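Dumped final21.txt below, it's compact mmCIF, C-alpha atoms:
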# COMPACT_ATOMS: atom_id res chain seq x y z
CA MET A 1 69.42 87.44 130.57
CA LYS A 2 68.99 91.14 131.19
CA ARG A 3 67.08 91.62 127.95
CA PHE A 4 64.21 89.46 129.17
CA LYS A 5 63.63 91.57 132.23
CA SER A 6 60.28 93.25 132.13
CA ARG A 7 60.41 96.97 131.65
CA ARG A 8 59.44 99.10 134.59
CA PRO A 9 56.08 100.69 133.72
CA HIS A 10 56.02 104.45 133.28
CA PRO A 11 54.50 106.14 136.32
CA ALA A 12 50.92 107.16 135.49
CA LEU A 13 50.34 110.90 135.40
CA ASN A 14 47.24 112.40 136.88
CA ARG A 15 45.40 115.22 135.15
CA THR A 16 46.92 117.97 137.29
CA GLU A 17 50.46 116.81 136.62
CA ALA A 18 49.81 116.49 132.89
CA LEU A 19 48.35 120.00 132.70
CA ASN A 20 51.36 121.47 134.50
CA PHE A 21 53.79 120.44 131.77
CA ARG A 22 55.20 123.20 129.58
CA PRO A 23 55.36 122.29 125.90
CA ALA A 24 58.39 123.53 123.95
CA LYS A 25 59.05 123.52 120.21
CA ASN A 26 61.62 121.22 118.64
CA ARG A 27 64.68 123.25 117.66
CA HIS A 28 65.13 121.35 114.40
CA ILE A 29 61.93 122.54 112.78
CA SER A 30 61.26 125.54 110.58
CA GLU A 31 58.07 127.58 110.30
CA GLU A 32 56.62 129.44 107.35
CA ARG A 33 53.68 131.84 107.73
CA ILE A 34 50.85 131.76 105.21
CA GLY A 35 48.85 134.92 105.66
CA ASP A 36 48.07 135.97 109.22
CA ASN A 37 46.41 132.88 110.53
CA GLU A 38 48.14 129.82 109.16
CA VAL A 39 51.55 128.28 109.49
CA VAL A 40 53.43 125.51 107.68
CA ILE A 41 55.87 123.56 109.84
CA ALA A 42 58.72 121.68 108.18
CA TYR A 43 60.21 118.95 110.34
CA PRO A 44 62.83 116.24 109.82
CA MET A 45 61.70 112.64 109.82
CA THR A 46 64.11 109.73 110.04
CA VAL A 47 63.37 107.08 107.44
CA LYS A 48 63.46 103.54 108.83
CA PRO A 49 66.53 101.64 107.54
CA TRP A 50 64.48 98.88 105.89
CA VAL A 51 62.30 101.48 104.11
CA SER A 52 65.44 103.29 102.98
CA ALA A 53 66.94 100.01 101.69
CA LEU A 54 63.73 99.18 99.88
CA LEU A 55 63.62 102.61 98.24
CA GLN A 56 67.26 102.28 97.17
CA ARG A 57 66.58 98.88 95.63
CA PHE A 58 63.74 100.28 93.54
CA GLY A 59 65.81 103.26 92.42
CA GLY A 60 64.22 105.86 94.66
CA ARG A 61 65.88 108.40 96.86
CA SER A 62 67.29 106.94 100.00
CA GLU A 63 68.13 109.85 102.29
CA PRO A 64 68.15 108.71 105.91
CA VAL A 65 66.36 111.90 106.96
CA ARG A 66 63.50 113.45 105.03
CA THR A 67 61.68 116.70 105.58
CA LYS A 68 57.92 116.60 106.04
CA LYS A 69 55.53 119.52 106.12
CA LEU A 70 52.47 120.09 108.22
CA GLN A 71 50.04 122.95 107.60
CA LEU A 72 48.04 124.12 110.59
CA ASP A 73 44.66 125.85 110.33
CA GLU A 74 43.71 128.99 112.21
CA LEU A 75 42.92 127.19 115.46
CA GLY A 76 46.02 125.01 115.30
CA THR A 77 48.14 128.07 114.62
CA SER A 78 46.68 129.90 117.61
CA VAL A 79 47.74 127.01 119.87
CA TRP A 80 51.10 126.63 118.10
CA ASP A 81 51.88 130.29 118.72
CA MET A 82 51.33 129.79 122.43
CA VAL A 83 53.87 126.95 122.63
CA ASP A 84 56.95 128.76 123.90
CA GLY A 85 58.38 126.55 126.63
CA GLN A 86 57.12 128.99 129.26
CA ARG A 87 53.35 128.54 129.25
CA SER A 88 51.95 125.37 130.78
CA VAL A 89 49.30 123.27 129.05
CA ARG A 90 46.82 124.56 131.64
CA GLU A 91 47.58 128.18 130.68
CA ILE A 92 47.29 127.41 126.97
CA VAL A 93 43.91 125.76 127.58
CA ALA A 94 42.70 128.76 129.59
CA VAL A 95 43.76 131.27 126.91
CA PHE A 96 42.28 129.10 124.11
CA ALA A 97 38.97 128.74 126.00
CA ALA A 98 38.77 132.48 126.68
CA THR A 99 39.71 133.50 123.12
CA HIS A 100 37.14 131.25 121.46
CA ARG A 101 34.55 131.35 124.27
CA LEU A 102 34.74 127.59 124.69
CA GLU A 103 33.79 125.46 127.67
CA ARG A 104 36.90 124.69 129.70
CA LYS A 105 36.53 120.94 129.34
CA GLU A 106 35.92 121.27 125.62
CA ALA A 107 39.03 123.44 125.23
CA GLU A 108 41.06 121.02 127.35
CA VAL A 109 40.09 118.03 125.23
CA SER A 110 40.85 119.77 121.92
CA VAL A 111 44.13 121.39 123.02
CA THR A 112 45.53 118.29 124.72
CA HIS A 113 44.56 116.14 121.72
CA PHE A 114 46.30 118.60 119.40
CA LEU A 115 49.43 118.78 121.58
CA ARG A 116 49.55 114.99 121.75
CA MET A 117 49.46 114.86 117.96
CA LEU A 118 52.30 117.40 117.75
CA GLY A 119 54.27 115.39 120.30
CA GLN A 120 53.80 112.14 118.37
CA ARG A 121 55.27 113.85 115.28
CA GLY A 122 58.19 115.11 117.35
CA LEU A 123 57.33 118.78 116.83
CA ILE A 124 57.16 119.54 120.53
CA GLY A 125 58.51 118.16 123.77
CA MET A 126 57.29 118.57 127.33
CA ARG A 127 59.26 120.12 130.18
CA MET B 1 18.47 129.04 143.43
CA THR B 2 21.99 127.80 142.74
CA PRO B 3 24.40 128.63 145.61
CA PRO B 4 27.49 130.72 144.75
CA HIS B 5 30.36 128.79 143.15
CA PHE B 6 27.99 125.97 142.20
CA LYS B 7 26.78 124.97 138.74
CA ASP B 8 23.58 123.22 137.75
CA ILE B 9 23.47 120.02 135.81
CA ALA B 10 20.36 118.26 134.54
CA TRP B 11 20.73 115.07 132.56
CA ASN B 12 18.28 112.39 131.58
CA GLY B 13 16.01 112.65 134.59
CA ILE B 14 18.29 113.84 137.37
CA GLN B 15 19.29 117.32 138.39
CA PHE B 16 21.68 118.72 141.00
CA SER B 17 24.30 121.40 141.64
CA TYR B 18 28.02 120.82 141.88
CA PRO B 19 31.02 123.05 142.66
CA GLU B 20 32.26 125.12 139.71
CA ARG B 21 35.79 123.81 140.15
CA TRP B 22 34.64 120.30 139.29
CA GLN B 23 34.28 119.17 135.70
CA ILE B 24 32.23 116.54 133.96
CA ALA B 25 34.57 113.61 133.35
CA ALA B 26 32.17 110.99 131.96
CA ILE B 27 28.58 110.94 130.78
CA GLY B 28 26.47 107.92 130.03
CA ASP B 29 22.72 107.56 129.58
CA SER B 30 22.31 106.94 133.32
CA HIS B 31 25.80 107.53 134.65
CA LEU B 32 27.74 110.69 135.49
CA VAL B 33 31.24 111.23 136.85
CA LEU B 34 32.52 114.59 138.04
CA GLU B 35 36.19 115.18 138.67
CA GLY B 36 38.30 117.75 140.45
CA SER B 37 41.97 118.56 140.02
CA ARG B 38 43.01 115.40 141.92
CA GLY B 39 40.71 112.92 140.25
CA PRO B 40 37.08 111.79 140.48
CA MET B 41 35.00 113.54 143.13
CA MET B 42 31.47 112.32 142.58
CA GLU B 43 29.70 109.60 140.66
CA VAL B 44 25.96 109.16 140.11
CA VAL B 45 24.24 106.08 138.69
CA TRP B 46 20.47 105.92 138.37
CA SER B 47 17.79 103.67 137.04
CA ARG B 48 14.01 103.34 136.80
CA ILE B 49 12.66 100.64 139.09
CA ARG B 50 10.08 98.20 137.83
CA GLY B 51 8.28 96.18 140.48
CA HIS B 52 9.20 96.05 144.14
CA PHE B 53 12.12 98.17 145.31
CA SER B 54 14.66 96.57 147.60
CA HIS B 55 17.60 98.63 148.92
CA ARG B 56 19.86 95.59 149.03
CA THR B 57 19.08 94.27 145.53
CA HIS B 58 19.06 97.58 143.73
CA PHE B 59 22.13 98.78 145.56
CA ARG B 60 23.97 95.72 144.25
CA LYS B 61 22.71 96.35 140.71
CA LEU B 62 23.67 100.01 140.65
CA ALA B 63 27.00 99.42 142.41
CA SER B 64 27.99 96.99 139.66
CA HIS B 65 29.11 100.11 137.71
CA PHE B 66 31.80 100.76 140.31
CA PRO B 67 35.32 99.32 139.93
CA LYS B 68 35.83 95.90 141.55
CA LYS B 69 38.40 97.06 144.09
CA MET B 70 35.87 99.58 145.32
CA SER B 71 32.72 97.47 145.30
CA ALA B 72 34.54 94.73 147.27
CA SER B 73 35.02 97.07 150.22
CA ILE B 74 31.53 98.58 150.43
CA SER B 75 29.86 98.45 153.81
CA HIS B 76 26.77 99.93 155.40
CA TRP B 77 27.06 103.45 156.79
CA GLU B 78 24.53 104.97 159.13
CA LEU B 79 23.54 108.34 157.67
CA PRO B 80 24.19 111.24 160.08
CA PRO B 81 21.23 113.57 160.89
CA ASP B 82 22.32 116.37 158.51
CA TRP B 83 22.53 113.91 155.59
CA LEU B 84 19.14 112.43 156.52
CA GLN B 85 17.64 115.91 156.53
CA ALA B 86 19.17 116.73 153.13
CA VAL B 87 17.61 113.64 151.53
CA SER B 88 14.37 113.57 153.49
CA ARG B 89 12.35 113.52 150.21
CA PHE B 90 13.73 110.06 149.46
CA GLU B 91 14.02 106.65 151.02
CA ALA B 92 17.73 106.66 151.72
CA SER B 93 20.46 104.34 152.94
CA GLY B 94 24.15 105.14 153.32
CA PHE B 95 27.28 103.24 152.41
CA LYS B 96 31.02 103.74 152.67
CA TRP B 97 33.98 102.12 150.94
CA ARG B 98 37.72 101.97 151.26
CA ALA B 99 40.11 100.94 148.46
CA ALA B 100 43.93 100.94 148.51
CA GLU B 101 44.61 104.68 148.76
CA GLU B 102 41.21 106.23 148.61
CA GLY B 103 37.87 106.00 150.25
CA GLY B 104 34.48 107.54 150.11
CA LYS B 105 30.89 107.42 151.10
CA GLY B 106 27.55 107.77 149.45
CA VAL B 107 23.87 107.25 149.56
CA LEU B 108 21.25 105.23 147.69
CA LEU B 109 18.12 107.31 147.07
CA TYR B 110 14.74 105.98 146.03
CA CYS B 111 11.88 108.24 145.06
CA ARG B 112 8.39 106.73 145.37
CA ALA B 113 6.88 109.43 143.12
CA CYS B 114 8.92 108.65 140.00
CA ARG B 115 10.15 105.17 140.98
CA ARG B 116 13.76 106.04 140.28
CA ALA B 117 16.73 104.83 142.33
CA SER B 118 19.95 106.86 142.33
CA LEU B 119 23.29 105.90 143.77
CA VAL B 120 25.36 108.95 144.67
CA ASN B 121 28.97 108.28 145.56
CA PHE B 122 31.42 110.89 146.88
CA PHE B 123 35.14 110.20 146.63
CA GLY B 124 37.46 111.24 149.45
CA GLN B 125 36.65 112.27 152.97
CA GLN B 126 37.21 115.36 155.06
CA PRO B 127 39.44 114.70 158.10
CA ASP B 128 36.65 115.74 160.50
CA GLY B 129 34.06 113.58 158.77
CA SER B 130 31.95 116.56 157.62
CA ASP B 131 31.36 117.19 153.95
CA PRO B 132 29.57 120.47 153.17
CA VAL B 133 29.86 120.01 149.39
CA ALA B 134 28.21 116.59 149.50
CA LEU B 135 25.45 117.98 151.70
CA GLU B 136 24.82 120.94 149.40
CA THR B 137 24.73 118.64 146.37
CA LEU B 138 22.30 116.23 148.03
CA LYS B 139 20.03 119.09 149.15
CA ARG B 140 19.59 120.06 145.50
CA PHE B 141 19.33 116.59 144.08
CA LYS B 142 16.11 116.04 142.09
CA ASP B 143 15.07 113.02 140.09
CA HIS B 144 11.87 114.26 138.51
CA TYR B 145 10.35 117.51 137.36
CA PRO B 146 7.11 118.36 139.12
CA GLU B 147 6.77 121.53 136.98
CA GLY B 148 6.34 119.46 133.81
CA GLY B 149 8.88 119.34 131.00
CA GLN B 150 12.24 117.72 131.38
CA VAL B 151 15.40 119.78 131.61
CA PHE B 152 18.74 119.00 129.99
CA SER B 153 21.44 121.35 131.17
CA LEU B 154 25.12 120.67 130.89
CA PHE B 155 28.23 122.53 129.85
CA ASP B 156 26.87 125.66 128.19
CA MET B 157 23.52 124.43 126.88
CA ARG B 158 20.11 124.19 128.43
CA ALA B 159 16.92 122.78 126.94
CA THR B 160 13.46 122.08 128.30
CA LEU B 161 11.57 119.38 126.45
CA PRO B 162 8.11 117.87 126.65
CA VAL B 163 8.12 114.85 128.98
CA PRO B 164 7.24 112.10 126.48
CA PHE B 165 10.49 112.59 124.53
CA GLU B 166 13.20 110.29 125.86
CA LEU B 167 16.93 110.56 125.29
CA ASP B 168 17.87 108.06 122.59
CA ARG B 169 21.53 108.88 122.02
CA HIS B 170 24.01 111.65 122.58
CA ARG B 171 27.34 112.78 121.20
CA LEU B 172 29.37 115.32 123.15
CA ASP B 173 32.53 115.94 121.14
CA ALA B 174 34.76 118.96 121.52
CA GLY B 175 33.14 121.60 119.32
CA GLY B 176 29.90 119.77 118.55
CA PHE B 177 27.10 118.34 120.71
CA GLU B 178 24.16 116.31 119.52
CA LEU B 179 21.26 115.08 121.64
CA VAL B 180 18.64 112.88 120.00
CA PHE B 181 15.26 112.25 121.64
CA VAL B 182 12.51 109.92 120.50
CA HIS B 183 8.83 109.58 121.21
CA ARG B 184 7.09 106.73 119.35
CA ASN B 185 8.30 107.17 115.78
CA ASN B 186 9.05 110.85 116.16
CA ARG B 187 12.55 112.13 116.59
CA LEU B 188 13.84 115.42 117.94
CA SER B 189 17.50 116.35 117.63
CA LEU B 190 19.25 119.25 119.33
CA TYR B 191 22.62 120.47 118.10
CA ARG B 192 25.14 122.91 119.42
CA TRP B 193 28.36 123.89 117.68
CA ALA B 194 31.13 126.06 119.09
CA LEU B 195 33.53 128.41 117.27
CA ALA B 196 30.74 129.88 115.16
CA ALA B 197 32.89 132.85 114.14
CA ILE B 198 35.38 130.53 112.45
CA VAL B 199 32.77 128.13 111.07
CA LEU B 200 30.79 130.99 109.50
CA GLN B 201 33.86 132.94 108.36
CA ASP B 202 33.50 132.08 104.68
CA SER B 203 29.90 130.92 104.43
CA GLY B 204 26.44 131.48 105.80
CA LEU B 205 24.27 129.35 108.05
CA ASP B 206 22.54 127.71 105.06
CA GLU B 207 25.89 126.56 103.65
CA PHE B 208 26.89 125.30 107.10
CA GLY B 209 23.56 123.44 107.28
CA ARG B 210 24.33 121.83 103.92
CA GLN B 211 27.76 120.71 105.17
CA MET B 212 26.08 119.16 108.22
CA LYS B 213 23.53 117.49 105.90
CA LEU B 214 20.66 119.21 107.70
CA ILE B 215 19.50 121.89 105.30
CA ASP B 216 19.19 122.26 101.56
CA PRO B 217 20.39 125.86 100.91
CA HIS B 218 17.92 126.20 98.00
CA ALA B 219 14.97 125.43 100.29
CA ALA B 220 16.23 127.34 103.35
CA GLN B 221 14.20 130.29 104.57
CA PRO B 222 15.50 133.06 106.86
CA VAL B 223 13.97 133.03 110.32
CA VAL B 224 14.48 134.78 113.65
CA VAL B 225 14.73 132.43 116.64
CA ASN B 226 14.80 133.89 120.16
CA GLY B 227 15.99 137.17 118.66
CA PHE B 228 18.84 135.58 116.72
CA ASP B 229 19.17 135.28 112.94
CA GLY B 230 18.73 131.81 111.59
CA VAL B 231 17.52 129.65 108.74
CA GLU B 232 14.91 126.93 108.59
CA GLU B 233 13.74 124.29 106.21
CA ARG B 234 10.44 122.42 106.25
CA ARG B 235 9.70 119.59 103.92
CA ASP B 236 7.07 116.91 103.74
CA ALA B 237 7.54 113.60 102.01
CA THR B 238 4.83 113.31 99.36
CA GLY B 239 3.89 110.87 96.64
CA VAL B 240 5.52 107.47 96.58
CA ASP B 241 8.22 108.53 99.05
CA GLY B 242 5.59 109.74 101.52
CA TRP B 243 3.56 106.55 101.11
CA MET B 244 6.65 104.35 101.58
CA ARG B 245 7.67 106.27 104.68
CA TRP B 246 4.18 106.04 106.13
CA MET B 247 4.00 102.30 105.49
CA THR B 248 7.43 101.66 107.04
CA SER B 249 6.73 103.82 110.12
CA ARG B 250 9.38 106.35 109.21
CA PRO B 251 9.02 110.11 109.75
CA CYS B 252 7.30 111.95 106.88
CA HIS B 253 7.72 115.54 108.05
CA TYR B 254 11.00 117.35 108.54
CA TRP B 255 11.54 120.71 110.22
CA CYS B 256 15.02 122.04 110.83
CA ARG B 257 16.13 125.32 112.34
CA LEU B 258 19.63 126.65 112.80
CA TRP B 259 20.41 129.91 114.50
CA HIS B 260 23.57 131.81 115.33
CA VAL B 261 24.04 133.06 118.89
CA GLU B 262 26.76 135.56 118.09
CA ALA B 263 27.32 136.76 121.66
CA CYS B 264 28.24 133.21 122.74
CA ASN B 265 30.04 132.25 119.50
CA ARG B 266 27.69 129.29 119.10
CA ILE B 267 25.34 127.81 116.52
CA LEU B 268 22.25 126.05 117.82
CA GLY B 269 20.06 123.71 115.85
CA ALA B 270 16.78 121.86 116.37
CA VAL B 271 15.43 119.22 114.01
CA ALA B 272 12.03 117.53 114.28
CA GLU B 273 11.33 114.44 112.19
CA THR B 274 7.76 113.38 112.77
CA ARG B 275 5.12 111.02 111.38
CA ARG B 276 2.40 113.68 111.48
CA PRO B 277 3.01 117.40 110.88
CA MET B 278 4.82 118.84 113.89
CA ASP B 279 2.71 121.02 116.17
CA GLU B 280 4.01 124.52 115.36
CA GLY B 281 3.49 125.82 118.88
CA LEU B 282 5.35 122.86 120.36
CA PHE B 283 8.36 123.28 118.07
CA GLU B 284 8.39 127.02 118.76
CA ARG B 285 8.38 126.30 122.51
CA ILE B 286 11.23 123.79 122.17
CA CYS B 287 13.33 126.33 120.25
CA GLU B 288 12.39 129.08 122.69
CA HIS B 289 13.58 126.98 125.66
CA TYR B 290 16.76 125.83 123.98
CA GLU B 291 19.57 128.21 124.83
CA THR B 292 23.29 128.54 125.26
CA PHE B 293 25.16 130.76 127.70
Would you mind writing the file out in structure tokens?
Amino acid sequence: MKRFKSRRPHPALNRTEALNFRPAKNRHISEERIGDNEVVIAYPMTVKPWVSALLQRFGGRSEPVRTKKLQLDELGTSVWDMVDGQRSVREIVAVFAATHRLERKEAEVSVTHFLRMLGQRGLIGMR
Amino acid sequence: MTPPHFKDIAWNGIQFSYPERWQIAAIGDSHLVLEGSRGPMMEVVWSRIRGHFSHRTHFRKLASHFPKKMSASISHWELPPDWLQAVSRFEASGFKWRAAEEGGKGVLLYCRACRRASLVNFFGQQPDGSDPVALETLKRFKDHYPEGGQVFSLFDMRATLPVPFELDRHRLDAGGFELVFVHRNNRLSLYRWALAAIVLQDSGLDEFGRQMKLIDPHAAQPVVVNGFDGVEERRDATGVDGWMRWMTSRPCHYWCRLWHVEACNRILGAVAETRRPMDEGLFERICEHYETF
């Protein structure tokens, strides 16, 4: 009956703890520069088995892993370039706010939202 | 004068100073939360009082904003002399609360002059019971503007507006702020956009105004606002459109100004939509007292 046991909830992070994390890039991605200010990130995406089966049935390609691309604009690229596994989210926010003369809270909201989006796509992890 | 390491905030009727290390965590029409690195530090709820003021009744009403676990543990707290001195301009009563791991104390302030009640709640307590930050904040707490004109100052923007305009709605997104004020059927909107250097990289202010649906580039005129380059558009609804607008109590006159504050990397905008032609001096004064830093 182990499967019916309720999962232990993840401990809630406070803001300080969340800002102390150091984002690091996924090693399975590749980057391509477009000009000075933009970057295209290619990253592997696992296709769900039932989607793969459906594609195969209708004669499409059915690779289990596909490569997707994501193009970042100038601002996204400036944050992406700071993701090195060494800098914490707090440091990235501070540099971003200073570079673009943004309010700290405003920079924090935009950078954390962007990093969350990258994390959801599996492009970065947090240490 | 703001003490060192303190910032001013003025929002929808109230004004005070808070430590620079705190940040605004939540803003409502009559609700503010400030947070530090460990969580919320201060919360303010305020309201206009109609009729008789009762500390007990209005305390209960204002405290209904607080979380249940907190409001269940609220008890009366006798204000110490230094707190009483700091809030001597108001009728004041103190309270304290204790939830599972945290506690705090605060004060309910009532001003007879403007008939506004404000509940100021401080989270956490110093081990010795003193709280210099709370005292400093309360000393500078104001709930009306005797000088005339209401001030809105938060983050990096500051505006002084004529008193009759009331805040109707606000949007404070990362990168773009919008405050909309109304007075009868007249509407005044203030805008502030960040990252102007990137926004204006490939286009001018008039094109940006078109993207924001504020300015028609063909009708835009160059203008200098507070020493900064900008564009403006004025248009009046005439003919059938003007008649229809007049009959349906909608604004007939539109005046929009956008200007680029290059030193701060910001774009500011002011839009007046009025039933009668906007008083030029008034609009000039509003633009003059709308700044970013």
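For the atom pair formed by atom CA of B:Asn121 and atom CA of B:Arg38, the distance is 16.2 Å, given to one decimal.
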List the spatial neighbours of A:Leu75 as a tab-separated table (two decimals) with C-alpha atoms, keeping the file's coordinate frame - criterion: any atom at most 10 Å away, all atoms listed in the file, same-chain residues fewer than 3 positions off excluded.
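Saved to result39.tsv:
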chain	number	residue	atom	x	y	z
A	37	ASN	CA	46.41	132.88	110.53
A	38	GLU	CA	48.14	129.82	109.16
A	72	LEU	CA	48.04	124.12	110.59
A	78	SER	CA	46.68	129.90	117.61
A	79	VAL	CA	47.74	127.01	119.87
A	80	TRP	CA	51.10	126.63	118.10
A	96	PHE	CA	42.28	129.10	124.11
A	100	HIS	CA	37.14	131.25	121.46
A	111	VAL	CA	44.13	121.39	123.02
B	195	LEU	CA	33.53	128.41	117.27
B	198	ILE	CA	35.38	130.53	112.45
request  = May I ask which of the residues A:Met82, A:Ile34, A:Lys105, A:Arg66 is the closest one to chain B, counting only C-alpha atoms?
outcome  = A:Lys105
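Residues in contact range of B:Asn185, defined as at most 7 Å between all atoms listed in the file, with sequence neighbours fewer than 3 positions away removed, read Val182, Ser249, Arg250, Pro251, Thr274 and Arg275 of chain B.
Atom CA of B:Ile14 is found 9.0 Å from atom CA of B:Phe152.
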message = Show me, as an MDAnalysis selection string, every residue of chain A with an atom at most 7 Å from chain B, counting only C-alpha atoms.
response = chainID A and resid 15:16 100:103 105:106 109:110
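Here the residues that fall within 10 Å of (34.3, 114.8, 145.7), using all atoms listed in the file, are given as B:Tyr18, B:Pro19, B:Trp22, B:Leu34, B:Glu35, B:Gly36, B:Arg38, B:Gly39, B:Pro40, B:Met41, B:Met42, B:Glu43, B:Gly104, B:Lys105, B:Asn121, B:Phe122, B:Phe123, B:Gly124, B:Gln125, B:Gln126, B:Asp131, B:Val133, B:Ala134.
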Residue contacts of A:Ala42 (10 Å, only C-alpha atoms) excluding same-chain residues fewer than 4 positions away, as a PyMOL selection string = chain A and resi 28-32+67-71+123
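Taking only C-alpha atoms, the non-local environment of B:Phe141 within 12 Å (same-chain residues fewer than 6 positions away omitted) comprises Thr2, Asp8, Ile9, Ala10, Trp11, Gly13, Ile14, Gln15, Phe16, Ser17, Tyr18, Val44, Ala86, Val87, Ser88, Arg89, Phe90, Val107, Leu109, Tyr110, Cys111, Ser118, Leu119, Val120, Ala134 and Leu135 of chain B.
For the pair atom CA of B:Val261 and atom CA of B:Pro217, the separation is 19.7 Å.
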task = Please provide the set of residues having any atom within 10 Å of A:Ile124, restricted to all atoms listed in the file, with same-chain residues fewer than 4 positions apart removed, written as a list of chain:residue names.
result = A:Arg22, A:Pro23, A:Ala24, A:Lys25, A:Asn26, A:Arg27, A:Ile29, A:Trp80, A:Val83, A:Asp84, A:Gly85, A:Leu115, A:Arg116, A:Met117, A:Leu118, A:Gly119, A:Gln120
message = Please determine, counting all atoms listed in the file, which residue among B:Arg48, B:Ala26, B:Ala159, B:Arg140 has the shortest atom-to-atom distance to B:Arg112.
response = B:Arg48
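When only C-alpha atoms are used to measure the gap to A:Glu63, the shortest distance among A:Arg104, A:Arg33, A:Lys48, A:His113 belongs to A:Lys48.
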Padding of 3 Å on every side, edges along x, y and z, all listed atoms of stretch 51-69 of chain A included: what centre and edge lengths in Å, to one decimal, does that box have, as JSON?
{"center_x": 61.8, "center_y": 109.2, "center_z": 99.7, "size_x": 18.6, "size_y": 26.6, "size_z": 20.5}
Kindly reconstruct stretch 64-76 of chain A with N, CA and C atoms and present the result as an mmCIF file, in the frame of the given file.
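Final file, out16.cif:
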data_model
loop_
_atom_site.group_PDB
_atom_site.id
_atom_site.type_symbol
_atom_site.label_atom_id
_atom_site.label_comp_id
_atom_site.auth_asym_id
_atom_site.auth_seq_id
_atom_site.Cartn_x
_atom_site.Cartn_y
_atom_site.Cartn_z
ATOM 1 N N PRO A 64 68.568 109.234 104.604
ATOM 2 C CA PRO A 64 68.150 108.710 105.910
ATOM 3 C C PRO A 64 67.175 109.648 106.633
ATOM 4 N N VAL A 65 67.275 110.940 106.317
ATOM 5 C CA VAL A 65 66.360 111.900 106.960
ATOM 6 C C VAL A 65 65.611 112.668 105.877
ATOM 7 N N ARG A 66 64.322 112.705 105.995
ATOM 8 C CA ARG A 66 63.500 113.450 105.030
ATOM 9 C C ARG A 66 62.790 114.598 105.741
ATOM 10 N N THR A 67 62.409 115.577 104.980
ATOM 11 C CA THR A 67 61.680 116.700 105.580
ATOM 12 C C THR A 67 60.201 116.577 105.232
ATOM 13 N N LYS A 68 59.373 116.639 106.259
ATOM 14 C CA LYS A 68 57.920 116.600 106.040
ATOM 15 C C LYS A 68 57.334 117.948 106.402
ATOM 16 N N LYS A 69 56.169 118.229 105.828
ATOM 17 C CA LYS A 69 55.530 119.520 106.120
ATOM 18 C C LYS A 69 54.142 119.303 106.692
ATOM 19 N N LEU A 70 53.792 120.171 107.594
ATOM 20 C CA LEU A 70 52.470 120.090 108.220
ATOM 21 C C LEU A 70 51.859 121.493 108.234
ATOM 22 N N GLN A 71 50.693 121.638 107.613
ATOM 23 C CA GLN A 71 50.040 122.950 107.600
ATOM 24 C C GLN A 71 48.954 122.988 108.669
ATOM 25 N N LEU A 72 49.029 123.985 109.517
ATOM 26 C CA LEU A 72 48.040 124.120 110.590
ATOM 27 C C LEU A 72 46.967 125.134 110.189
ATOM 28 N N ASP A 73 45.733 124.888 110.602
ATOM 29 C CA ASP A 73 44.660 125.850 110.330
ATOM 30 C C ASP A 73 44.705 126.965 111.380
ATOM 31 N N GLU A 74 43.710 127.812 111.345
ATOM 32 C CA GLU A 74 43.710 128.990 112.210
ATOM 33 C C GLU A 74 43.762 128.605 113.703
ATOM 34 N N LEU A 75 42.962 127.594 114.054
ATOM 35 C CA LEU A 75 42.920 127.190 115.460
ATOM 36 C C LEU A 75 44.232 126.550 115.884
ATOM 37 N N GLY A 76 44.745 125.675 115.017
ATOM 38 C CA GLY A 76 46.020 125.010 115.300
ATOM 39 C C GLY A 76 47.135 126.030 115.437
#
